[in-house]
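Undergrad: Next up, structure.txt (compact mmCIF, C-alpha atoms and all ligand atoms).
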```txt
# COMPACT_ATOMS: atom_id res chain seq x y z
CA MET A 281 -17.55 -3.64 -1.72
CA ILE A 282 -15.59 -1.17 0.45
CA LYS A 283 -12.13 -2.35 1.56
CA LYS A 284 -11.03 0.48 3.84
CA ILE A 285 -10.72 4.24 4.29
CA ASP A 286 -7.85 5.03 1.93
CA HIS A 287 -7.39 8.65 2.93
CA ILE A 288 -9.01 11.69 4.46
CA ALA A 289 -8.23 14.91 2.62
CA ILE A 290 -7.89 18.19 4.52
CA VAL A 291 -7.62 21.50 2.69
CA VAL A 292 -5.00 23.85 4.17
CA ARG A 293 -3.66 27.28 3.23
CA ASN A 294 -0.04 26.23 3.61
CA ILE A 295 1.32 22.70 3.94
CA GLU A 296 4.45 23.69 5.88
CA GLU A 297 2.33 25.50 8.47
CA ALA A 298 -0.12 22.61 8.71
CA LEU A 299 2.76 20.16 9.19
CA GLN A 300 3.59 21.90 12.46
CA ALA A 301 0.33 20.45 13.81
CA TYR A 302 0.09 17.13 11.95
CA GLN A 303 3.78 16.18 11.97
CA GLY A 304 5.16 18.29 14.80
CA ALA A 305 2.40 18.09 17.40
CA LEU A 306 0.49 14.94 16.42
CA GLY A 307 3.73 13.16 15.51
CA LEU A 308 2.56 11.70 12.20
CA GLU A 309 5.21 10.71 9.71
CA LEU A 310 5.45 12.68 6.46
CA THR A 311 6.12 10.27 3.59
CA ASP A 312 5.78 12.46 0.52
CA VAL A 313 4.91 15.93 -0.74
CA LYS A 314 4.09 16.30 -4.39
CA GLU A 315 2.59 18.70 -6.83
CA MET A 316 -0.39 17.54 -8.88
CA SER A 317 -0.49 20.08 -11.68
CA GLU A 318 -3.76 18.77 -13.19
CA ASP A 319 -5.66 19.66 -10.01
CA ALA A 320 -3.44 22.68 -9.25
CA VAL A 321 -2.60 21.44 -5.75
CA ARG A 322 0.32 20.34 -3.61
CA VAL A 323 -0.39 17.28 -1.51
CA ALA A 324 1.36 15.95 1.61
CA PHE A 325 0.88 12.32 2.69
CA LEU A 326 0.87 11.28 6.35
CA PRO A 327 0.02 7.60 6.91
CA VAL A 328 -2.13 6.66 9.91
CA GLY A 329 -2.35 2.87 10.26
CA GLU A 330 -3.56 1.52 6.94
CA SER A 331 -5.03 4.89 5.92
CA GLU A 332 -3.54 8.29 5.23
CA ILE A 333 -4.19 11.92 5.98
CA GLU A 334 -3.65 14.04 2.88
CA LEU A 335 -3.04 17.75 3.31
CA VAL A 336 -4.09 19.60 0.17
CA GLU A 337 -2.86 23.11 -0.62
CA PRO A 338 -4.05 25.03 -3.69
CA ILE A 339 -1.28 26.40 -5.91
CA THR A 340 -3.42 28.62 -8.13
CA ALA A 341 -6.16 31.07 -7.18
CA ASP A 342 -8.82 29.72 -9.54
CA SER A 343 -8.71 25.97 -8.83
CA THR A 344 -11.62 24.05 -7.29
CA ILE A 345 -9.65 23.66 -4.06
CA ALA A 346 -8.76 27.38 -3.96
CA LYS A 347 -12.45 28.23 -4.30
CA PHE A 348 -13.35 25.73 -1.56
CA LEU A 349 -10.76 27.35 0.74
CA GLU A 350 -12.02 30.83 -0.01
CA LYS A 351 -15.64 29.89 0.63
CA ARG A 352 -15.39 27.42 3.51
CA GLY A 353 -11.96 28.01 5.02
CA GLU A 354 -9.56 25.24 6.03
CA GLY A 355 -10.97 21.86 6.93
CA MET A 356 -12.01 18.41 5.83
CA HIS A 357 -12.60 18.12 2.11
CA HIS A 358 -13.37 14.45 1.42
CA ILE A 359 -13.12 10.86 2.60
CA CYS A 360 -11.73 8.34 0.14
CA LEU A 361 -12.92 4.73 0.26
CA GLU A 362 -10.98 1.97 -1.48
CA VAL A 363 -13.00 -0.42 -3.60
CA GLU A 364 -12.04 -3.62 -5.41
CA ASP A 365 -13.74 -2.77 -8.72
CA ILE A 366 -14.64 0.87 -9.29
CA GLU A 367 -16.87 0.31 -12.34
CA ALA A 368 -18.94 -2.26 -10.46
CA ALA A 369 -19.12 0.03 -7.41
CA LEU A 370 -20.34 3.01 -9.49
CA GLN A 371 -22.91 0.91 -11.26
CA ASP A 372 -24.19 -0.52 -7.99
CA LEU A 373 -24.38 2.91 -6.33
CA ALA A 374 -26.20 4.46 -9.30
CA VAL A 375 -28.79 1.68 -9.16
CA LYS A 376 -29.22 2.40 -5.43
CA GLY A 377 -29.93 6.07 -6.15
CA ILE A 378 -26.59 7.64 -5.21
CA ARG A 379 -25.75 10.61 -7.47
CA LEU A 380 -22.35 10.33 -9.11
CA ILE A 381 -20.16 13.37 -9.86
CA ASP A 382 -17.98 11.13 -12.05
CA LYS A 383 -20.07 8.63 -13.95
CA GLN A 384 -16.86 7.11 -15.30
CA PRO A 385 -13.70 6.71 -13.21
CA ARG A 386 -10.76 8.99 -14.05
CA GLN A 387 -7.06 8.54 -13.50
CA GLY A 388 -5.77 9.89 -10.18
CA ALA A 389 -2.29 9.83 -8.65
CA GLN A 390 -2.68 6.40 -7.04
CA GLY A 391 -5.34 4.72 -9.15
CA ARG A 392 -8.68 5.31 -10.82
CA VAL A 393 -11.05 7.54 -8.83
CA ALA A 394 -14.62 8.86 -8.89
CA PHE A 395 -16.53 11.26 -6.63
CA LEU A 396 -20.09 11.01 -5.27
CA TYR A 397 -22.35 14.01 -4.64
CA PRO A 398 -22.38 15.01 -0.93
CA THR A 399 -26.15 15.51 -1.23
CA SER A 400 -26.40 11.72 -1.58
CA THR A 401 -24.09 10.98 1.37
CA HIS A 402 -25.37 13.29 4.11
CA GLY A 403 -23.04 16.20 3.52
CA VAL A 404 -19.73 14.42 3.03
CA LEU A 405 -17.87 14.40 -0.28
CA ILE A 406 -16.84 10.79 -0.90
CA GLU A 407 -14.19 9.64 -3.33
CA LEU A 408 -13.87 6.03 -4.44
CA ILE A 409 -10.49 4.65 -5.50
CA GLU A 410 -9.43 1.46 -7.18
CA LYS A 411 -5.71 1.30 -6.51
CA SER A 412 -3.37 0.49 -9.36
CA ASP A 413 -0.71 -2.06 -8.40
ZN ZN A 501 -8.66 12.08 -2.36
```
As structure tokens, how would this structure be written, given the file I've shared?

TA:
Amino acid sequence: MIKKIDHIAIVVRNIEEALQAYQGALGLELTDVKEMSEDAVRVAFLPVGESEIELVEPITADSTIAKFLEKRGEGMHHICLEVEDIEAALQDLAVKGIRLIDKQPRQGAQGRVAFLYPTSTHGVLIELIEKSD
């Protein structure tokens, strides 16, 4: 059901500052920075093998990510797993007792996505993605 880790999202206060560590010190390549107005964030993509690290910076004070940052500080936000068929995956997980934040997939930047409650996955927020081609 799971193909790979698609990305690991890390919430940061400022992408340019964070790039000093991830690009400058760790030497990862920066492929794209874009604004996703729906979620009120800027996102930077740094591929690592067949996965990516995504740095996520809030651009408004009242967004979900801004509240996360205020409450928890900088750090890992979620792990995204790529699946072949997101509807089938959600149905299967629901049957197995996993609580779904998104019962139906919604459109994300790179495909259809859905989140699972961290209470069902031992404290880690997990996103599923079915990539659009
Ligand atoms: Zn994500």

Undergrad: I'd like to know which of A:Gly388, A:Gly307, A:Gly377, A:Pro338 is closest to ligand ZN 501 (chain A), using all atoms listed in the file.

TA: A:Gly388

Undergrad: Go through A:Arg352, A:Lys383, A:His402, A:Arg392 and flag the residue nearest ligand ZN 501 (chain A), using all atoms listed in the file for the distances.

TA: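 When distances to ligand ZN 501 (chain A) are compared using all atoms listed in the file, the smallest one comes from A:Arg392.
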
Undergrad: For ligand ZN 501 (chain A), list the contacting residues at 10 Å or closer, counting only C-alpha atoms and all ligand atoms, as a list in words.

TA: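 Here is the list of contacting residues: Asp286, His287, Ile288, Ala289, Ile290, Val323, Glu332, Ile333, Glu334, Leu335, Val336, His357, His358, Ile359, Cys360, Leu361, Gly388, Ala389, Gln390, Val393, Ala394, Phe395, Leu405, Ile406, Glu407, Leu408 and Ile409 of chain A.
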
Undergrad: Just the number, please: distance in Å from atom CA of A:Asp372 to atom CA of A:Ile282, one decimal.

TA: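 So the answer is 12.1 Å.
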
Undergrad: Rounded to one decimal, what separation in Å do you get between atom CA of A:Leu380 and atom CA of A:Ser343?

TA: 20.8 Å

Undergrad: Quick check, in Å to one decimal: how far apart do atom CA of A:Arg322 and atom CA of A:Pro398 lie?

TA: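 So the answer is 23.5 Å.
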
Undergrad: Between A:Ile285, A:Ala341, A:Leu396, A:Val292, which has the minimum distance to A:Arg379 (counting all atoms listed in the file)?

TA: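 The closest residue to A:Arg379 is A:Leu396.
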
Undergrad: Which residue is closest to A:Gly391? Choose from A:Ala301, A:Leu326, A:Ile366, A:Ile339 and count all atoms listed in the file.

TA: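 With all atoms listed in the file as the atom set, the closest residue is A:Ile366.
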
Undergrad: Which of these residues is nearest to A:Lys314, using all atoms listed in the file: A:Glu337, A:Lys284, A:Val328, A:Arg293?

TA: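 Looking at the shortest contact to A:Lys314, the residue is A:Glu337.
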
Undergrad: Kindly indicate which residue among A:Glu350, A:Glu309, A:Glu410, A:Glu296 lies nearest to A:Ala368, using all atoms listed in the file for the distances.

TA: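 Ranking A:Glu350, A:Glu309, A:Glu410, A:Glu296 by distance to A:Ala368, first place goes to A:Glu410.
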
Undergrad: Which residues are near A:Phe325? Cut-off 6 Å, only C-alpha atoms, ignore same chain within fewer than 5 positions. Put them as a list in words.

TA: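 So the residues in contact are Leu310, Thr311, Asp312 and Glu334 of chain A.
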
Undergrad: Write out N, CA, C and O atoms for stretch 349-368 of chain A, as a PDB file, in the frame of the given file.

TA:
```
ATOM      1  N   LEU A 349     -11.464  26.698  -0.374  1.00  0.00           N
ATOM      2  CA  LEU A 349     -10.760  27.350   0.740  1.00  0.00           C
ATOM      3  C   LEU A 349     -11.305  28.758   0.979  1.00  0.00           C
ATOM      4  O   LEU A 349     -11.533  29.166   2.117  1.00  0.00           O
ATOM      5  N   GLU A 350     -11.517  29.469  -0.099  1.00  0.00           N
ATOM      6  CA  GLU A 350     -12.020  30.830  -0.010  1.00  0.00           C
ATOM      7  C   GLU A 350     -13.419  30.871   0.619  1.00  0.00           C
ATOM      8  O   GLU A 350     -13.734  31.709   1.447  1.00  0.00           O
ATOM      9  N   LYS A 351     -14.244  29.907   0.208  1.00  0.00           N
ATOM     10  CA  LYS A 351     -15.640  29.890   0.630  1.00  0.00           C
ATOM     11  C   LYS A 351     -15.827  29.285   2.026  1.00  0.00           C
ATOM     12  O   LYS A 351     -16.575  29.803   2.849  1.00  0.00           O
ATOM     13  N   ARG A 352     -15.128  28.189   2.295  1.00  0.00           N
ATOM     14  CA  ARG A 352     -15.390  27.420   3.510  1.00  0.00           C
ATOM     15  C   ARG A 352     -14.270  27.492   4.539  1.00  0.00           C
ATOM     16  O   ARG A 352     -14.432  27.043   5.659  1.00  0.00           O
ATOM     17  N   GLY A 353     -13.101  27.988   4.120  1.00  0.00           N
ATOM     18  CA  GLY A 353     -11.960  28.010   5.020  1.00  0.00           C
ATOM     19  C   GLY A 353     -11.287  26.648   5.064  1.00  0.00           C
ATOM     20  O   GLY A 353     -11.697  25.719   4.366  1.00  0.00           O
ATOM     21  N   GLU A 354     -10.267  26.507   5.919  1.00  0.00           N
ATOM     22  CA  GLU A 354      -9.560  25.240   6.030  1.00  0.00           C
ATOM     23  C   GLU A 354     -10.465  24.180   6.641  1.00  0.00           C
ATOM     24  O   GLU A 354     -11.367  24.493   7.405  1.00  0.00           O
ATOM     25  N   GLY A 355     -10.200  22.934   6.305  1.00  0.00           N
ATOM     26  CA  GLY A 355     -10.970  21.860   6.930  1.00  0.00           C
ATOM     27  C   GLY A 355     -11.085  20.638   6.060  1.00  0.00           C
ATOM     28  O   GLY A 355     -10.481  20.555   4.983  1.00  0.00           O
ATOM     29  N   MET A 356     -11.906  19.681   6.542  1.00  0.00           N
ATOM     30  CA  MET A 356     -12.010  18.410   5.830  1.00  0.00           C
ATOM     31  C   MET A 356     -12.667  18.600   4.472  1.00  0.00           C
ATOM     32  O   MET A 356     -13.669  19.299   4.360  1.00  0.00           O
ATOM     33  N   HIS A 357     -12.091  17.989   3.474  1.00  0.00           N
ATOM     34  CA  HIS A 357     -12.600  18.120   2.110  1.00  0.00           C
ATOM     35  C   HIS A 357     -13.330  16.859   1.650  1.00  0.00           C
ATOM     36  O   HIS A 357     -14.438  16.928   1.172  1.00  0.00           O
ATOM     37  N   HIS A 358     -12.700  15.699   1.796  1.00  0.00           N
ATOM     38  CA  HIS A 358     -13.370  14.450   1.420  1.00  0.00           C
ATOM     39  C   HIS A 358     -12.781  13.248   2.123  1.00  0.00           C
ATOM     40  O   HIS A 358     -11.676  13.304   2.644  1.00  0.00           O
ATOM     41  N   ILE A 359     -13.580  12.166   2.115  1.00  0.00           N
ATOM     42  CA  ILE A 359     -13.120  10.860   2.600  1.00  0.00           C
ATOM     43  C   ILE A 359     -13.010   9.960   1.387  1.00  0.00           C
ATOM     44  O   ILE A 359     -13.906   9.961   0.542  1.00  0.00           O
ATOM     45  N   CYS A 360     -11.909   9.231   1.281  1.00  0.00           N
ATOM     46  CA  CYS A 360     -11.730   8.340   0.140  1.00  0.00           C
ATOM     47  C   CYS A 360     -11.825   6.886   0.585  1.00  0.00           C
ATOM     48  O   CYS A 360     -11.128   6.459   1.506  1.00  0.00           O
ATOM     49  N   LEU A 361     -12.724   6.145  -0.054  1.00  0.00           N
ATOM     50  CA  LEU A 361     -12.920   4.730   0.260  1.00  0.00           C
ATOM     51  C   LEU A 361     -12.326   3.872  -0.855  1.00  0.00           C
ATOM     52  O   LEU A 361     -12.573   4.126  -2.037  1.00  0.00           O
ATOM     53  N   GLU A 362     -11.556   2.868  -0.467  1.00  0.00           N
ATOM     54  CA  GLU A 362     -10.980   1.970  -1.480  1.00  0.00           C
ATOM     55  C   GLU A 362     -11.962   0.865  -1.824  1.00  0.00           C
ATOM     56  O   GLU A 362     -12.563   0.255  -0.943  1.00  0.00           O
ATOM     57  N   VAL A 363     -12.136   0.649  -3.124  1.00  0.00           N
ATOM     58  CA  VAL A 363     -13.000  -0.420  -3.600  1.00  0.00           C
ATOM     59  C   VAL A 363     -12.179  -1.372  -4.474  1.00  0.00           C
ATOM     60  O   VAL A 363     -11.130  -1.013  -4.992  1.00  0.00           O
ATOM     61  N   GLU A 364     -12.711  -2.592  -4.608  1.00  0.00           N
ATOM     62  CA  GLU A 364     -12.040  -3.620  -5.410  1.00  0.00           C
ATOM     63  C   GLU A 364     -12.183  -3.309  -6.908  1.00  0.00           C
ATOM     64  O   GLU A 364     -11.225  -3.385  -7.657  1.00  0.00           O
ATOM     65  N   ASP A 365     -13.411  -2.945  -7.299  1.00  0.00           N
ATOM     66  CA  ASP A 365     -13.740  -2.770  -8.720  1.00  0.00           C
ATOM     67  C   ASP A 365     -14.577  -1.505  -8.846  1.00  0.00           C
ATOM     68  O   ASP A 365     -15.761  -1.484  -8.486  1.00  0.00           O
ATOM     69  N   ILE A 366     -13.965  -0.435  -9.324  1.00  0.00           N
ATOM     70  CA  ILE A 366     -14.640   0.870  -9.290  1.00  0.00           C
ATOM     71  C   ILE A 366     -15.828   0.942 -10.255  1.00  0.00           C
ATOM     72  O   ILE A 366     -16.838   1.559  -9.930  1.00  0.00           O
ATOM     73  N   GLU A 367     -15.725   0.306 -11.405  1.00  0.00           N
ATOM     74  CA  GLU A 367     -16.870   0.310 -12.340  1.00  0.00           C
ATOM     75  C   GLU A 367     -18.091  -0.360 -11.698  1.00  0.00           C
ATOM     76  O   GLU A 367     -19.202   0.168 -11.742  1.00  0.00           O
ATOM     77  N   ALA A 368     -17.858  -1.519 -11.109  1.00  0.00           N
ATOM     78  CA  ALA A 368     -18.940  -2.260 -10.460  1.00  0.00           C
ATOM     79  C   ALA A 368     -19.532  -1.446  -9.311  1.00  0.00           C
ATOM     80  O   ALA A 368     -20.758  -1.386  -9.141  1.00  0.00           O
TER      81      ALA A 368
END
```
